[in-house]
$ cat data.cif   # mmCIF, C-alpha atoms and all ligand atoms
data_protein
loop_
_atom_site.label_atom_id
_atom_site.label_comp_id
_atom_site.auth_asym_id
_atom_site.auth_seq_id
_atom_site.Cartn_x
_atom_site.Cartn_y
_atom_site.Cartn_z
CA MET A 237 13.54 -32.00 19.46
CA LYS A 238 12.28 -35.40 20.42
CA ASN A 239 10.09 -37.34 18.00
CA LEU A 240 11.79 -35.71 15.00
CA LYS A 241 14.00 -37.89 12.81
CA ASN A 242 15.63 -34.84 11.20
CA ASP A 243 15.62 -31.86 13.55
CA LEU A 244 18.55 -30.06 11.90
CA TYR A 245 16.44 -27.09 10.78
CA LEU A 246 14.97 -26.50 14.25
CA ARG A 247 18.32 -26.87 15.98
CA ALA A 248 19.86 -24.40 13.54
CA LEU A 249 17.00 -21.96 14.08
CA ARG A 250 17.58 -22.16 17.83
CA GLY A 251 21.22 -21.17 17.26
CA GLU A 252 22.55 -24.60 18.27
CA LYS A 253 25.61 -26.18 16.73
CA VAL A 254 24.76 -28.43 13.77
CA GLU A 255 26.78 -30.86 11.62
CA ARG A 256 25.84 -29.24 8.32
CA THR A 257 23.68 -26.41 6.93
CA PRO A 258 19.97 -27.28 6.64
CA ILE A 259 18.11 -26.39 3.44
CA TRP A 260 14.53 -25.66 2.43
CA VAL A 261 13.34 -23.48 -0.43
CA MET A 262 10.61 -20.83 -0.55
CA ARG A 263 7.79 -22.05 -2.83
CA GLN A 264 9.35 -25.52 -2.81
CA ALA A 265 5.91 -26.92 -3.62
CA GLY A 266 4.88 -25.27 -6.85
CA ARG A 267 4.52 -25.17 -10.58
CA TYR A 268 8.11 -26.16 -11.44
CA LEU A 269 7.17 -29.69 -10.27
CA PRO A 270 5.16 -31.83 -12.73
CA GLU A 271 3.54 -33.69 -9.83
CA TYR A 272 2.33 -30.33 -8.43
CA ARG A 273 0.80 -29.38 -11.76
CA ALA A 274 -0.96 -32.75 -11.86
CA THR A 275 -2.45 -32.36 -8.37
CA ARG A 276 -3.49 -28.79 -9.11
CA LYS A 277 -5.23 -29.94 -12.26
CA GLN A 278 -7.01 -32.60 -10.25
CA ALA A 279 -8.10 -29.96 -7.72
CA GLY A 280 -9.35 -27.70 -10.52
CA ASP A 281 -7.94 -24.47 -9.11
CA PHE A 282 -5.42 -23.17 -6.63
CA LEU A 283 -7.84 -22.21 -3.86
CA THR A 284 -9.47 -25.64 -3.87
CA LEU A 285 -5.98 -27.06 -3.46
CA CYS A 286 -5.44 -24.83 -0.41
CA LYS A 287 -8.88 -25.55 1.01
CA THR A 288 -8.72 -29.37 0.72
CA PRO A 289 -6.42 -30.57 3.51
CA GLU A 290 -5.60 -33.92 1.84
CA LEU A 291 -4.54 -32.18 -1.38
CA ALA A 292 -2.63 -29.45 0.48
CA CYS A 293 -0.85 -32.27 2.30
CA GLU A 294 -0.08 -34.09 -0.94
CA VAL A 295 1.65 -31.07 -2.49
CA THR A 296 3.45 -30.20 0.75
CA MET A 297 4.98 -33.68 0.75
CA GLN A 298 5.98 -33.73 -2.94
CA PRO A 299 9.28 -31.79 -2.62
CA ILE A 300 10.10 -33.60 0.64
CA ASP A 301 9.67 -37.00 -1.01
CA ARG A 302 11.50 -36.02 -4.17
CA PHE A 303 14.46 -34.04 -2.80
CA GLY A 304 14.85 -34.82 0.91
CA LEU A 305 14.71 -31.18 2.03
CA ASP A 306 15.27 -30.48 5.73
CA ALA A 307 11.93 -28.75 6.39
CA ALA A 308 8.40 -28.79 5.00
CA ILE A 309 6.33 -25.63 4.56
CA LEU A 310 2.58 -25.67 4.85
CA PHE A 311 0.99 -25.45 1.43
CA SER A 312 -1.32 -22.45 1.58
CA ASP A 313 -1.12 -18.77 0.72
CA ILE A 314 -0.65 -15.49 2.57
CA LEU A 315 -3.96 -14.21 1.17
CA THR A 316 -6.11 -16.65 3.17
CA ILE A 317 -6.65 -14.01 5.88
CA PRO A 318 -8.15 -11.29 3.63
CA ASP A 319 -10.19 -14.02 1.92
CA ALA A 320 -11.57 -15.01 5.34
CA MET A 321 -12.30 -11.32 6.02
CA GLY A 322 -14.69 -11.42 3.07
CA LEU A 323 -12.60 -9.89 0.26
CA GLU A 324 -13.10 -12.98 -1.93
CA LEU A 325 -9.75 -14.10 -3.30
CA VAL A 326 -9.58 -15.42 -6.85
CA LEU A 327 -6.40 -16.73 -8.39
CA GLU A 328 -6.34 -16.98 -12.11
CA GLU A 329 -3.63 -18.54 -14.21
CA GLY A 330 -1.32 -15.89 -15.61
CA ILE A 331 -3.05 -13.03 -13.75
CA GLY A 332 -2.11 -13.70 -10.12
CA PRO A 333 -4.22 -13.00 -7.06
CA VAL A 334 -7.22 -10.66 -7.31
CA PHE A 335 -9.84 -9.67 -4.72
CA ASN A 336 -13.45 -9.33 -5.88
CA LYS A 337 -14.14 -6.97 -2.96
CA PRO A 338 -11.03 -4.88 -2.31
CA ILE A 339 -10.86 -2.15 0.33
CA ARG A 340 -12.09 1.02 -1.35
CA SER A 341 -13.41 3.24 1.45
CA GLN A 342 -13.24 4.04 5.17
CA GLY A 343 -16.52 2.14 5.46
CA ASP A 344 -14.80 -0.96 4.08
CA ILE A 345 -12.10 -0.67 6.77
CA ASP A 346 -14.66 -0.07 9.53
CA ALA A 347 -16.55 -3.20 8.45
CA LEU A 348 -13.53 -5.54 8.83
CA GLY A 349 -13.46 -8.06 11.65
CA VAL A 350 -10.80 -10.45 12.92
CA PRO A 351 -11.52 -13.88 11.39
CA ASP A 352 -11.84 -16.76 13.83
CA ALA A 353 -8.81 -18.89 12.99
CA GLU A 354 -10.45 -22.23 13.83
CA GLN A 355 -13.82 -21.39 12.27
CA ASP A 356 -13.07 -19.22 9.25
CA LEU A 357 -9.59 -20.60 8.53
CA GLY A 358 -10.19 -24.09 9.84
CA TYR A 359 -9.08 -25.60 6.53
CA VAL A 360 -5.56 -24.27 7.17
CA MET A 361 -5.46 -25.79 10.65
CA ASN A 362 -6.82 -29.07 9.29
CA ALA A 363 -4.14 -29.08 6.60
CA ILE A 364 -1.48 -28.61 9.29
CA ARG A 365 -2.86 -31.53 11.29
CA VAL A 366 -3.01 -33.80 8.24
CA ILE A 367 0.51 -32.80 7.13
CA ARG A 368 1.97 -33.44 10.59
CA GLY A 369 0.46 -36.91 10.41
CA ALA A 370 1.92 -37.57 6.96
CA LEU A 371 5.33 -36.20 7.93
CA ASP A 372 5.39 -38.55 10.90
CA GLY A 373 8.39 -36.70 12.32
CA ARG A 374 10.53 -36.82 9.18
CA VAL A 375 11.23 -33.08 9.16
CA PRO A 376 9.68 -30.09 10.95
CA LEU A 377 6.70 -28.17 9.51
CA ILE A 378 6.92 -24.41 8.92
CA GLY A 379 3.76 -22.31 9.30
CA PHE A 380 3.55 -18.81 7.86
CA THR A 381 1.71 -15.55 7.31
CA GLY A 382 2.04 -12.44 5.20
CA SER A 383 3.16 -9.32 7.06
CA PRO A 384 0.40 -6.83 7.87
CA TRP A 385 1.87 -4.30 5.40
CA THR A 386 2.00 -6.90 2.60
CA LEU A 387 -1.53 -8.14 3.29
CA ALA A 388 -2.89 -4.59 3.52
CA SER A 389 -1.18 -3.79 0.20
CA TYR A 390 -3.04 -6.59 -1.58
CA MET A 391 -6.31 -5.70 0.20
CA VAL A 392 -6.18 -2.05 -0.86
CA GLU A 393 -4.65 -2.50 -4.31
CA GLY A 394 -7.05 -5.38 -5.00
CA SER A 395 -4.29 -7.33 -6.77
CA GLY A 396 -0.54 -7.32 -7.25
CA SER A 397 0.98 -3.91 -7.96
CA LYS A 398 4.15 -2.29 -9.24
CA GLU A 399 3.82 1.19 -7.76
CA PHE A 400 1.44 0.70 -4.83
CA ARG A 401 -0.42 3.91 -5.59
CA ARG A 402 -3.54 3.06 -3.60
CA ILE A 403 -1.96 1.71 -0.41
CA LYS A 404 0.68 4.45 -0.37
CA GLY A 405 -2.03 7.02 -1.07
CA LEU A 406 -3.88 5.77 2.01
CA MET A 407 -0.66 5.81 4.05
CA PHE A 408 0.25 9.38 3.05
CA GLU A 409 -3.20 10.95 3.03
CA SER A 410 -5.04 9.03 5.76
CA PRO A 411 -2.37 7.54 8.02
CA GLU A 412 -4.90 6.92 10.79
CA SER A 413 -7.02 4.78 8.48
CA ALA A 414 -3.92 2.94 7.30
CA HIS A 415 -3.02 2.21 10.93
CA GLN A 416 -6.57 1.10 11.68
CA LEU A 417 -6.37 -1.37 8.77
CA LEU A 418 -2.87 -2.58 9.72
CA GLN A 419 -3.95 -3.12 13.33
CA ILE A 420 -6.91 -5.31 12.47
CA VAL A 421 -4.75 -7.32 10.07
CA THR A 422 -2.09 -7.65 12.79
CA ASP A 423 -4.65 -8.88 15.32
CA SER A 424 -5.84 -11.41 12.73
CA VAL A 425 -2.29 -12.56 11.96
CA ILE A 426 -1.50 -13.09 15.64
CA GLN A 427 -4.59 -15.22 16.19
CA TYR A 428 -3.88 -17.12 12.95
CA LEU A 429 -0.26 -17.91 13.88
CA LYS A 430 -1.20 -19.00 17.40
CA ALA A 431 -3.78 -21.37 15.89
CA GLN A 432 -1.17 -22.72 13.46
CA VAL A 433 1.15 -23.51 16.36
CA ALA A 434 -1.69 -25.16 18.29
CA ALA A 435 -2.45 -27.26 15.19
CA GLY A 436 1.19 -28.37 14.87
CA ALA A 437 3.35 -25.75 13.09
CA GLN A 438 6.88 -26.09 14.51
CA SER A 439 8.31 -22.78 13.33
CA LEU A 440 6.85 -19.61 11.84
CA MET A 441 7.80 -17.29 9.02
CA VAL A 442 6.47 -13.81 8.21
CA PHE A 443 6.62 -12.90 4.50
CA ASP A 444 6.97 -9.13 4.14
CA THR A 445 7.15 -9.23 0.38
CA TRP A 446 6.37 -5.53 -0.10
CA GLY A 447 8.04 -3.86 2.91
CA GLY A 448 11.00 -3.05 0.67
CA MET A 449 8.81 -0.63 -1.31
CA LEU A 450 8.77 1.78 1.62
CA SER A 451 11.08 4.59 2.71
CA THR A 452 13.12 3.79 5.81
CA GLN A 453 10.88 5.94 7.99
CA ASN A 454 7.67 4.45 6.63
CA TYR A 455 9.07 0.91 6.82
CA GLN A 456 9.59 1.39 10.56
CA THR A 457 6.12 2.85 11.12
CA PHE A 458 3.94 0.90 8.70
CA SER A 459 5.63 -2.48 8.42
CA LEU A 460 8.21 -3.24 11.10
CA ALA A 461 6.15 -1.87 14.02
CA TYR A 462 3.43 -4.39 13.21
CA MET A 463 5.87 -7.27 12.75
CA GLN A 464 7.24 -6.27 16.17
CA GLN A 465 3.76 -6.75 17.64
CA ILE A 466 3.60 -10.19 16.06
CA VAL A 467 7.01 -11.30 17.36
CA SER A 468 6.20 -10.01 20.87
CA ALA A 469 2.79 -11.68 20.92
CA ILE A 470 4.21 -15.05 19.86
CA LYS A 471 7.18 -14.81 22.21
CA ASN A 472 4.94 -13.85 25.16
CA ASP A 473 2.40 -16.60 24.53
CA GLU A 474 3.05 -19.56 26.79
CA ALA A 475 1.14 -21.93 24.53
CA CYS A 476 3.56 -21.07 21.69
CA ASN A 477 6.33 -22.43 23.89
CA GLY A 478 9.15 -20.44 22.29
CA VAL A 479 8.33 -21.49 18.71
CA PRO A 480 11.01 -19.88 16.48
CA ILE A 481 9.96 -17.04 14.18
CA VAL A 482 11.71 -15.74 11.06
CA LEU A 483 11.10 -12.33 9.45
CA PHE A 484 11.67 -11.81 5.74
CA THR A 485 11.41 -8.35 4.21
CA LYS A 486 12.19 -8.56 0.51
CA GLY A 487 14.33 -5.54 -0.27
CA GLY A 488 14.95 -5.02 3.45
CA GLY A 489 18.72 -5.55 3.45
CA GLN A 490 19.48 -2.10 4.84
CA TRP A 491 17.21 -2.65 7.86
CA LEU A 492 18.59 -5.92 9.25
CA GLU A 493 19.66 -4.35 12.57
CA SER A 494 16.19 -3.01 13.37
CA MET A 495 14.61 -6.27 12.21
CA ALA A 496 16.88 -8.20 14.58
CA ASP A 497 15.88 -5.78 17.39
CA THR A 498 12.33 -7.23 17.27
CA GLY A 499 13.60 -10.32 19.09
CA CYS A 500 12.89 -12.67 16.19
CA ASP A 501 15.03 -15.80 15.82
CA GLY A 502 15.98 -15.51 12.18
CA LEU A 503 16.04 -13.17 9.20
CA GLY A 504 15.39 -14.13 5.61
CA LEU A 505 17.79 -12.43 3.19
CA ASP A 506 17.02 -11.72 -0.44
CA TRP A 507 19.80 -12.25 -3.00
CA THR A 508 20.82 -8.58 -3.12
CA VAL A 509 22.27 -8.82 0.41
CA ASP A 510 25.92 -9.78 0.82
CA ILE A 511 25.60 -12.62 3.32
CA SER A 512 29.07 -12.14 4.82
CA SER A 513 28.36 -8.50 5.68
CA ALA A 514 24.90 -9.46 7.00
CA LYS A 515 26.71 -11.96 9.24
CA GLN A 516 29.02 -9.24 10.54
CA ARG A 517 26.11 -6.92 11.18
CA VAL A 518 23.59 -9.23 12.89
CA GLY A 519 24.96 -12.80 12.72
CA ASP A 520 25.60 -12.92 16.46
CA ARG A 521 21.94 -12.09 17.18
CA VAL A 522 19.89 -13.93 14.56
CA VAL A 523 20.10 -16.94 12.28
CA LEU A 524 20.42 -15.93 8.62
CA GLN A 525 18.28 -17.67 6.02
CA GLY A 526 19.02 -17.39 2.31
CA ASN A 527 20.02 -16.18 -0.17
CA MET A 528 20.88 -17.56 -3.62
CA ASP A 529 19.32 -15.74 -6.60
CA PRO A 530 16.26 -17.86 -7.50
CA VAL A 531 16.82 -17.35 -11.22
CA VAL A 532 19.98 -19.49 -11.01
CA MET A 533 17.52 -22.38 -10.60
CA ASN A 534 16.45 -21.86 -14.22
CA THR A 535 20.00 -22.47 -15.55
CA SER A 536 22.24 -25.53 -15.19
CA GLN A 537 23.22 -27.92 -12.42
CA GLN A 538 26.80 -26.64 -12.61
CA GLN A 539 25.66 -23.03 -12.14
CA VAL A 540 23.48 -24.11 -9.23
CA ALA A 541 26.33 -25.95 -7.51
CA ASP A 542 28.73 -23.01 -8.03
CA HIS A 543 26.30 -20.42 -6.73
CA ALA A 544 25.29 -22.56 -3.76
CA LEU A 545 28.94 -22.89 -2.76
CA GLU A 546 29.36 -19.15 -3.15
CA VAL A 547 26.59 -18.60 -0.59
CA LEU A 548 28.07 -21.22 1.78
CA HIS A 549 31.50 -19.58 1.48
CA GLY A 550 29.86 -16.18 1.94
CA TYR A 551 28.54 -17.20 5.33
CA GLY A 552 31.83 -19.02 5.96
CA GLN A 553 32.90 -20.97 9.03
CA HIS A 554 30.34 -21.28 11.81
CA GLN A 555 31.95 -20.06 15.02
CA ALA A 556 30.72 -20.08 18.59
CA GLN A 557 29.41 -16.50 18.49
CA ASP A 558 27.46 -17.06 15.23
CA LYS A 559 23.77 -17.92 15.43
CA GLY A 560 24.06 -19.82 12.15
CA HIS A 561 22.80 -20.21 8.60
CA ILE A 562 19.85 -21.95 6.96
CA PHE A 563 20.21 -22.31 3.21
CA ASN A 564 17.40 -20.98 1.03
CA LEU A 565 16.90 -18.93 -2.09
CA GLY A 566 16.58 -15.15 -1.86
CA HIS A 567 12.93 -15.41 -2.96
CA GLY A 568 10.58 -18.13 -4.16
CA ILE A 569 11.64 -20.68 -6.76
CA GLN A 570 10.02 -19.83 -10.11
CA PRO A 571 7.81 -21.99 -12.35
CA PHE A 572 10.67 -21.99 -14.90
CA ALA A 573 13.10 -23.74 -12.52
CA LYS A 574 14.25 -27.21 -13.51
CA PRO A 575 13.51 -30.00 -11.02
CA GLU A 576 16.98 -31.51 -11.62
CA ASN A 577 18.47 -28.20 -10.50
CA MET A 578 16.66 -28.49 -7.19
CA GLN A 579 18.21 -31.95 -6.86
CA ALA A 580 21.66 -30.45 -7.51
CA LEU A 581 21.04 -27.66 -5.01
CA VAL A 582 19.98 -29.98 -2.20
CA GLU A 583 22.88 -32.36 -2.87
CA THR A 584 25.45 -29.57 -2.95
CA VAL A 585 24.27 -28.05 0.33
CA GLN A 586 23.77 -31.34 2.13
CA GLN A 587 27.07 -32.87 0.97
CA GLN A 588 29.35 -29.86 1.05
CA SER A 589 28.25 -27.68 3.95
CA GLY A 590 29.78 -29.90 6.64
CA GLN A 591 33.21 -28.32 6.07
CA PHE A 592 31.86 -25.00 7.39
CA HIS A 593 30.77 -26.54 10.70
CA GLU A 594 34.05 -27.97 12.01
O1 LIG B 601 6.57 -21.98 -0.08
C1 LIG B 601 5.73 -22.85 -0.29
O2 LIG B 601 5.93 -23.85 -1.04
C2 LIG B 601 4.41 -22.78 0.45
C3 LIG B 601 3.32 -22.21 -0.25
C4 LIG B 601 3.23 -20.72 -0.52
C5 LIG B 601 2.51 -20.22 -1.64
N1 LIG B 601 2.44 -18.88 -1.55
C6 LIG B 601 1.92 -21.08 -2.68
C7 LIG B 601 1.49 -20.48 -3.94
C8 LIG B 601 3.67 -19.61 0.20
C9 LIG B 601 4.53 -19.56 1.44
C10 LIG B 601 3.15 -18.45 -0.44
C11 LIG B 601 3.33 -17.10 0.06
C12 LIG B 601 2.93 -15.96 -0.78
N2 LIG B 601 1.81 -15.83 -1.55
C13 LIG B 601 3.60 -14.73 -0.81
C14 LIG B 601 4.81 -14.39 0.01
C15 LIG B 601 6.04 -14.97 -0.54
C16 LIG B 601 6.54 -14.31 -1.77
O3 LIG B 601 6.56 -15.02 -2.81
O4 LIG B 601 6.92 -13.15 -1.70
C17 LIG B 601 2.90 -13.88 -1.67
C18 LIG B 601 3.27 -12.46 -2.04
C19 LIG B 601 1.76 -14.59 -2.13
C20 LIG B 601 0.67 -14.09 -3.01
C21 LIG B 601 0.56 -14.91 -4.20
N3 LIG B 601 0.03 -16.18 -4.23
C22 LIG B 601 0.96 -14.59 -5.50
C23 LIG B 601 1.63 -13.29 -5.91
C24 LIG B 601 0.63 -15.68 -6.32
C25 LIG B 601 0.72 -15.79 -7.82
C26 LIG B 601 2.08 -16.17 -8.19
C27 LIG B 601 2.14 -16.58 -9.62
O5 LIG B 601 3.29 -16.73 -10.05
O6 LIG B 601 1.09 -16.78 -10.28
C28 LIG B 601 0.11 -16.69 -5.49
C29 LIG B 601 -0.31 -18.02 -5.94
C30 LIG B 601 0.49 -19.14 -5.40
N4 LIG B 601 0.79 -19.32 -4.08
C31 LIG B 601 1.02 -20.24 -6.15
C32 LIG B 601 1.63 -21.08 -5.22
C33 LIG B 601 2.27 -22.40 -5.48
C34 LIG B 601 0.84 -20.46 -7.64
C35 LIG B 601 -0.54 -20.97 -7.81
C36 LIG B 601 -0.73 -21.81 -9.02
O7 LIG B 601 -0.99 -21.24 -10.08
O8 LIG B 601 -0.64 -23.05 -8.88
#
$ encode --input "data.cif" --output "C-alpha cells"
Amino acid sequence: MKNLKNDLYLRALRGEKVERTPIWVMRQAGRYLPEYRATRKQAGDFLTLCKTPELACEVTMQPIDRFGLDAAILFSDILTIPDAMGLELVLEEGIGPVFNKPIRSQGDIDALGVPDAEQDLGYVMNAIRVIRGALDGRVPLIGFTGSPWTLASYMVEGSGSKEFRRIKGLMFESPESAHQLLQIVTDSVIQYLKAQVAAGAQSLMVFDTWGGMLSTQNYQTFSLAYMQQIVSAIKNDEACNGVPIVLFTKGGGQWLESMADTGCDGLGLDWTVDISSAKQRVGDRVVLQGNMDPVVMNTSQQQVADHALEVLHGYGQHQAQDKGHIFNLGHGIQPFAKPENMQALVETVQQQSGQFHE
C-alpha cells in the first residue's frame, strides 16, 4: 500500500507473499506497560482514556514505539456501542465492565436504536483520525468491534459472566427477542465499522469473545449468521474499498470452515487450536492469525522464544497455495505479562520468521 513505510501486515492479510511473518498482539496497549498505567492514571479512568482522542492516541502508540510491532490497534473497547445505546458502561478496577442499565425486558429491547457513529461515537472516529496522523504511515491501523453475540451477552448479563444464564435464557425461551436484539446490534456494528474505515482504519477485526460458549447449532444461528451479515456488508460497500476483515471466535476452533465460508480475509485462532491442522483445513482460503498461549508472556524470555518458534514451525513453510500467517497470541496479553517478554517475542518473530518464507 502506498504511503505506508511498513505494509507487511496488510500485504500478509491480502494473501500476498511477504519476506517474514508480521506480528501484533491483542491488547498490546494495556496494563502490563508502566507507561500505559501512567497515562491511565492521568486520565483518571478507563472510559476517559477511550473518550479523549489524544490520550487514546498516546496509548495506541506506546507499544509501537517501544517494541516496533507491525500493526497498531485502535485503543478503545468493544463496549462503546452499548454505551452509546444508553446502557451506561462503567469500568471499575478489579471488577471489569458493568452496565448501569442492562437489558432486562422486551421493552428495553424495543427501546434500542442504532447509534449514529459520527455523532454518538464521534470520539472513536476522532481517535482514529488523530492516531493516523501520529502514525504517519509507520504501520497500518486496525479498527475493531465486538461480535453481535458478544455485545448482546454483555448487554443482557449486565457484566461479564461465566455461565451466560440470562442471554442463553433469552435465546432459548424468546429466540425472536434475541434475534431482534442481535439484529439491532448488527446494524449498529455495520455502521460503526464503516465509519471507522471512513475515519482511517486500514483493516478490521471482529472479536467474538463469547461465541465459543454456544452449541454448534446455536453458534451458527446466533453468532456466525450475524458476523456473516457484517462481512457481507463491508465487502459490498464500495467506500470500504475491500478493507480486510478478520473474525476471531474464542473457542471456535471446530468451526473454522464455516467461519471461512463467510468470505472474511482472516481468522484469529486461540491457543487451543493446532495451527498446522488449521492450515490444512482452511489455510488456502484465509490468513491465520495467532496463536501462542498468552500466559507464556508471564514467564521467561527463553520460554517466549521457544513457544514463538513452535507456532512458526506449526504454520511451517509458506507455499504458493497458502494465504499466510500473522503472528499473535491466542487471546489478549494479560496485565501480569512482562514487558521484556514482549520485546523477546517481537524479536524472535521478526528475526526468525524469514526462514519460513523462502
Ligand atoms: O488490543 C488493544 O490493545 C486495543 C484495545 C482493546 C481493549 N479492549 C482495551 C481494554 C480491545 C481490542 C478490547 C476488546 C475487548 N474488550 C474485548 C474483546 C477481546 C477480548 O479480550 O476477548 C472484550 C471482551 C472487552 C470487554 C472488556 N473491556 C473487558 C472484559 C475489560 C476488563 C478486562 C480487565 O482485565 O479488567 C475491558 C477493559 C479494558 N479494555 C482494558 C483495556 C486495556 C483494561 C482497562 C484498564 O483497567 O485499564
$ closest_residue --input "data.cif" --among "A:Asp306, A:Asp313, A:Asp301, A:Glu271" --to "ligand LIG 601 (chain B)" --atoms "only C-alpha atoms and all ligand atoms"
A:Asp313
$ residues_around --input "data.cif" --residues "region 480-490 of chain A" --least-positions-apart "3" --cutoff "6 Å" --atoms "all atoms listed in the file" --output "PyMOL selection string"
chain A and resi 439-445+447-448+500-504+506+509
$ write_last_selection --input "data.cif" --atoms "C-alpha atoms" --output "tab-separated table (two decimals), in the coordinates of the input"
chain	number	residue	atom	x	y	z
A	439	SER	CA	8.31	-22.78	13.33
A	440	LEU	CA	6.85	-19.61	11.84
A	441	MET	CA	7.80	-17.29	9.02
A	442	VAL	CA	6.47	-13.81	8.21
A	443	PHE	CA	6.62	-12.90	4.50
A	444	ASP	CA	6.97	-9.13	4.14
A	445	THR	CA	7.15	-9.23	0.38
A	447	GLY	CA	8.04	-3.86	2.91
A	448	GLY	CA	11.00	-3.05	0.67
A	500	CYS	CA	12.89	-12.67	16.19
A	501	ASP	CA	15.03	-15.80	15.82
A	502	GLY	CA	15.98	-15.51	12.18
A	503	LEU	CA	16.04	-13.17	9.20
A	504	GLY	CA	15.39	-14.13	5.61
A	506	ASP	CA	17.02	-11.72	-0.44
A	509	VAL	CA	22.27	-8.82	0.41
$ closest_atom_pairs --input "data.cif" --of "chain A" --to "ligand LIG 601 (chain B)" --cutoff "8 Å" --atoms "only C-alpha atoms and all ligand atoms" --output "JSON lines"
{"residue": "A:Val261", "atom": "CA", "partner": "B:LIG601", "partner_atom": "O1", "distance": 6.9}
{"residue": "A:Met262", "atom": "CA", "partner": "B:LIG601", "partner_atom": "O1", "distance": 4.2}
{"residue": "A:Arg263", "atom": "CA", "partner": "B:LIG601", "partner_atom": "O1", "distance": 3.0}
{"residue": "A:Gln264", "atom": "CA", "partner": "B:LIG601", "partner_atom": "O2", "distance": 4.2}
{"residue": "A:Ala265", "atom": "CA", "partner": "B:LIG601", "partner_atom": "O2", "distance": 4.0}
{"residue": "A:Gly266", "atom": "CA", "partner": "B:LIG601", "partner_atom": "C33", "distance": 4.1}
{"residue": "A:Arg267", "atom": "CA", "partner": "B:LIG601", "partner_atom": "O8", "distance": 5.8}
{"residue": "A:Tyr272", "atom": "CA", "partner": "B:LIG601", "partner_atom": "O8", "distance": 7.9}
{"residue": "A:Arg273", "atom": "CA", "partner": "B:LIG601", "partner_atom": "O8", "distance": 7.1}
{"residue": "A:Arg276", "atom": "CA", "partner": "B:LIG601", "partner_atom": "O8", "distance": 6.4}
{"residue": "A:Asp281", "atom": "CA", "partner": "B:LIG601", "partner_atom": "O8", "distance": 7.4}
{"residue": "A:Phe282", "atom": "CA", "partner": "B:LIG601", "partner_atom": "O8", "distance": 5.3}
{"residue": "A:Thr296", "atom": "CA", "partner": "B:LIG601", "partner_atom": "O2", "distance": 7.0}
{"residue": "A:Ile309", "atom": "CA", "partner": "B:LIG601", "partner_atom": "C2", "distance": 5.4}
{"residue": "A:Leu310", "atom": "CA", "partner": "B:LIG601", "partner_atom": "C2", "distance": 5.6}
{"residue": "A:Phe311", "atom": "CA", "partner": "B:LIG601", "partner_atom": "C3", "distance": 4.3}
{"residue": "A:Ser312", "atom": "CA", "partner": "B:LIG601", "partner_atom": "C3", "distance": 5.0}
{"residue": "A:Asp313", "atom": "CA", "partner": "B:LIG601", "partner_atom": "N1", "distance": 4.2}
{"residue": "A:Ile314", "atom": "CA", "partner": "B:LIG601", "partner_atom": "N2", "distance": 4.8}
{"residue": "A:Leu315", "atom": "CA", "partner": "B:LIG601", "partner_atom": "C20", "distance": 6.2}
{"residue": "A:Leu327", "atom": "CA", "partner": "B:LIG601", "partner_atom": "C29", "distance": 6.7}
{"residue": "A:Glu328", "atom": "CA", "partner": "B:LIG601", "partner_atom": "O7", "distance": 7.1}
{"residue": "A:Glu329", "atom": "CA", "partner": "B:LIG601", "partner_atom": "O7", "distance": 5.6}
{"residue": "A:Gly330", "atom": "CA", "partner": "B:LIG601", "partner_atom": "O6", "distance": 5.9}
{"residue": "A:Ile331", "atom": "CA", "partner": "B:LIG601", "partner_atom": "O6", "distance": 6.6}
{"residue": "A:Gly332", "atom": "CA", "partner": "B:LIG601", "partner_atom": "C25", "distance": 4.2}
{"residue": "A:Pro333", "atom": "CA", "partner": "B:LIG601", "partner_atom": "C24", "distance": 5.6}
{"residue": "A:Phe380", "atom": "CA", "partner": "B:LIG601", "partner_atom": "C9", "distance": 6.5}
{"residue": "A:Thr381", "atom": "CA", "partner": "B:LIG601", "partner_atom": "C11", "distance": 7.6}
{"residue": "A:Gly382", "atom": "CA", "partner": "B:LIG601", "partner_atom": "C14", "distance": 6.2}
{"residue": "A:Thr386", "atom": "CA", "partner": "B:LIG601", "partner_atom": "C18", "distance": 7.4}
{"residue": "A:Gly396", "atom": "CA", "partner": "B:LIG601", "partner_atom": "C23", "distance": 6.5}
{"residue": "A:Phe443", "atom": "CA", "partner": "B:LIG601", "partner_atom": "C14", "distance": 5.1}
{"residue": "A:Asp444", "atom": "CA", "partner": "B:LIG601", "partner_atom": "C14", "distance": 7.0}
{"residue": "A:Thr445", "atom": "CA", "partner": "B:LIG601", "partner_atom": "O4", "distance": 4.4}
{"residue": "A:Trp446", "atom": "CA", "partner": "B:LIG601", "partner_atom": "O4", "distance": 7.8}
{"residue": "A:Lys486", "atom": "CA", "partner": "B:LIG601", "partner_atom": "O4", "distance": 7.3}
{"residue": "A:His567", "atom": "CA", "partner": "B:LIG601", "partner_atom": "O3", "distance": 6.4}
{"residue": "A:Gly568", "atom": "CA", "partner": "B:LIG601", "partner_atom": "O3", "distance": 5.3}
{"residue": "A:Gln570", "atom": "CA", "partner": "B:LIG601", "partner_atom": "O5", "distance": 7.4}
{"residue": "A:Pro571", "atom": "CA", "partner": "B:LIG601", "partner_atom": "O5", "distance": 7.3}
$ residues_around --input "data.cif" --residues "Val392 (chain A)" --least-positions-apart "3" --cutoff "8 Å" --atoms "all atoms listed in the file" --output "list in words"
Pro338, Ile339, Arg340, Ala388, Ser389, Arg402 and Ile403 of chain A
$ residues_around --input "data.cif" --residues "Gln516 (chain A)" --least-positions-apart "6" --cutoff "12 Å" --atoms "only C-alpha atoms" --output "number ranges by chain"
A: 492-493, 510, 522-524, 550-552, 557-560
$ write_last_selection --input "data.cif" --atoms "C-alpha atoms" --output "JSON list (two decimals), in the coordinates of the input"
[["chain", "number", "residue", "atom", "x", "y", "z"],
["A", 492, "LEU", "CA", 18.59, -5.92, 9.25],
["A", 493, "GLU", "CA", 19.66, -4.35, 12.57],
["A", 510, "ASP", "CA", 25.92, -9.78, 0.82],
["A", 522, "VAL", "CA", 19.89, -13.93, 14.56],
["A", 523, "VAL", "CA", 20.10, -16.94, 12.28],
["A", 524, "LEU", "CA", 20.42, -15.93, 8.62],
["A", 550, "GLY", "CA", 29.86, -16.18, 1.94],
["A", 551, "TYR", "CA", 28.54, -17.20, 5.33],
["A", 552, "GLY", "CA", 31.83, -19.02, 5.96],
["A", 557, "GLN", "CA", 29.41, -16.50, 18.49],
["A", 558, "ASP", "CA", 27.46, -17.06, 15.23],
["A", 559, "LYS", "CA", 23.77, -17.92, 15.43],
["A", 560, "GLY", "CA", 24.06, -19.82, 12.15]]
$ decode --input "data.cif" --residues "region 393-397 of chain A" --atoms "C-alpha atoms" --output "tab-separated table (two decimals), in the first residue's frame"
chain	number	residue	atom	x	y	z
A	393	GLU	CA	-25.92	-10.12	31.51
A	394	GLY	CA	-25.07	-6.56	32.55
A	395	SER	CA	-21.43	-7.55	33.14
A	396	GLY	CA	-19.01	-10.36	32.45
A	397	SER	CA	-20.37	-13.85	33.05
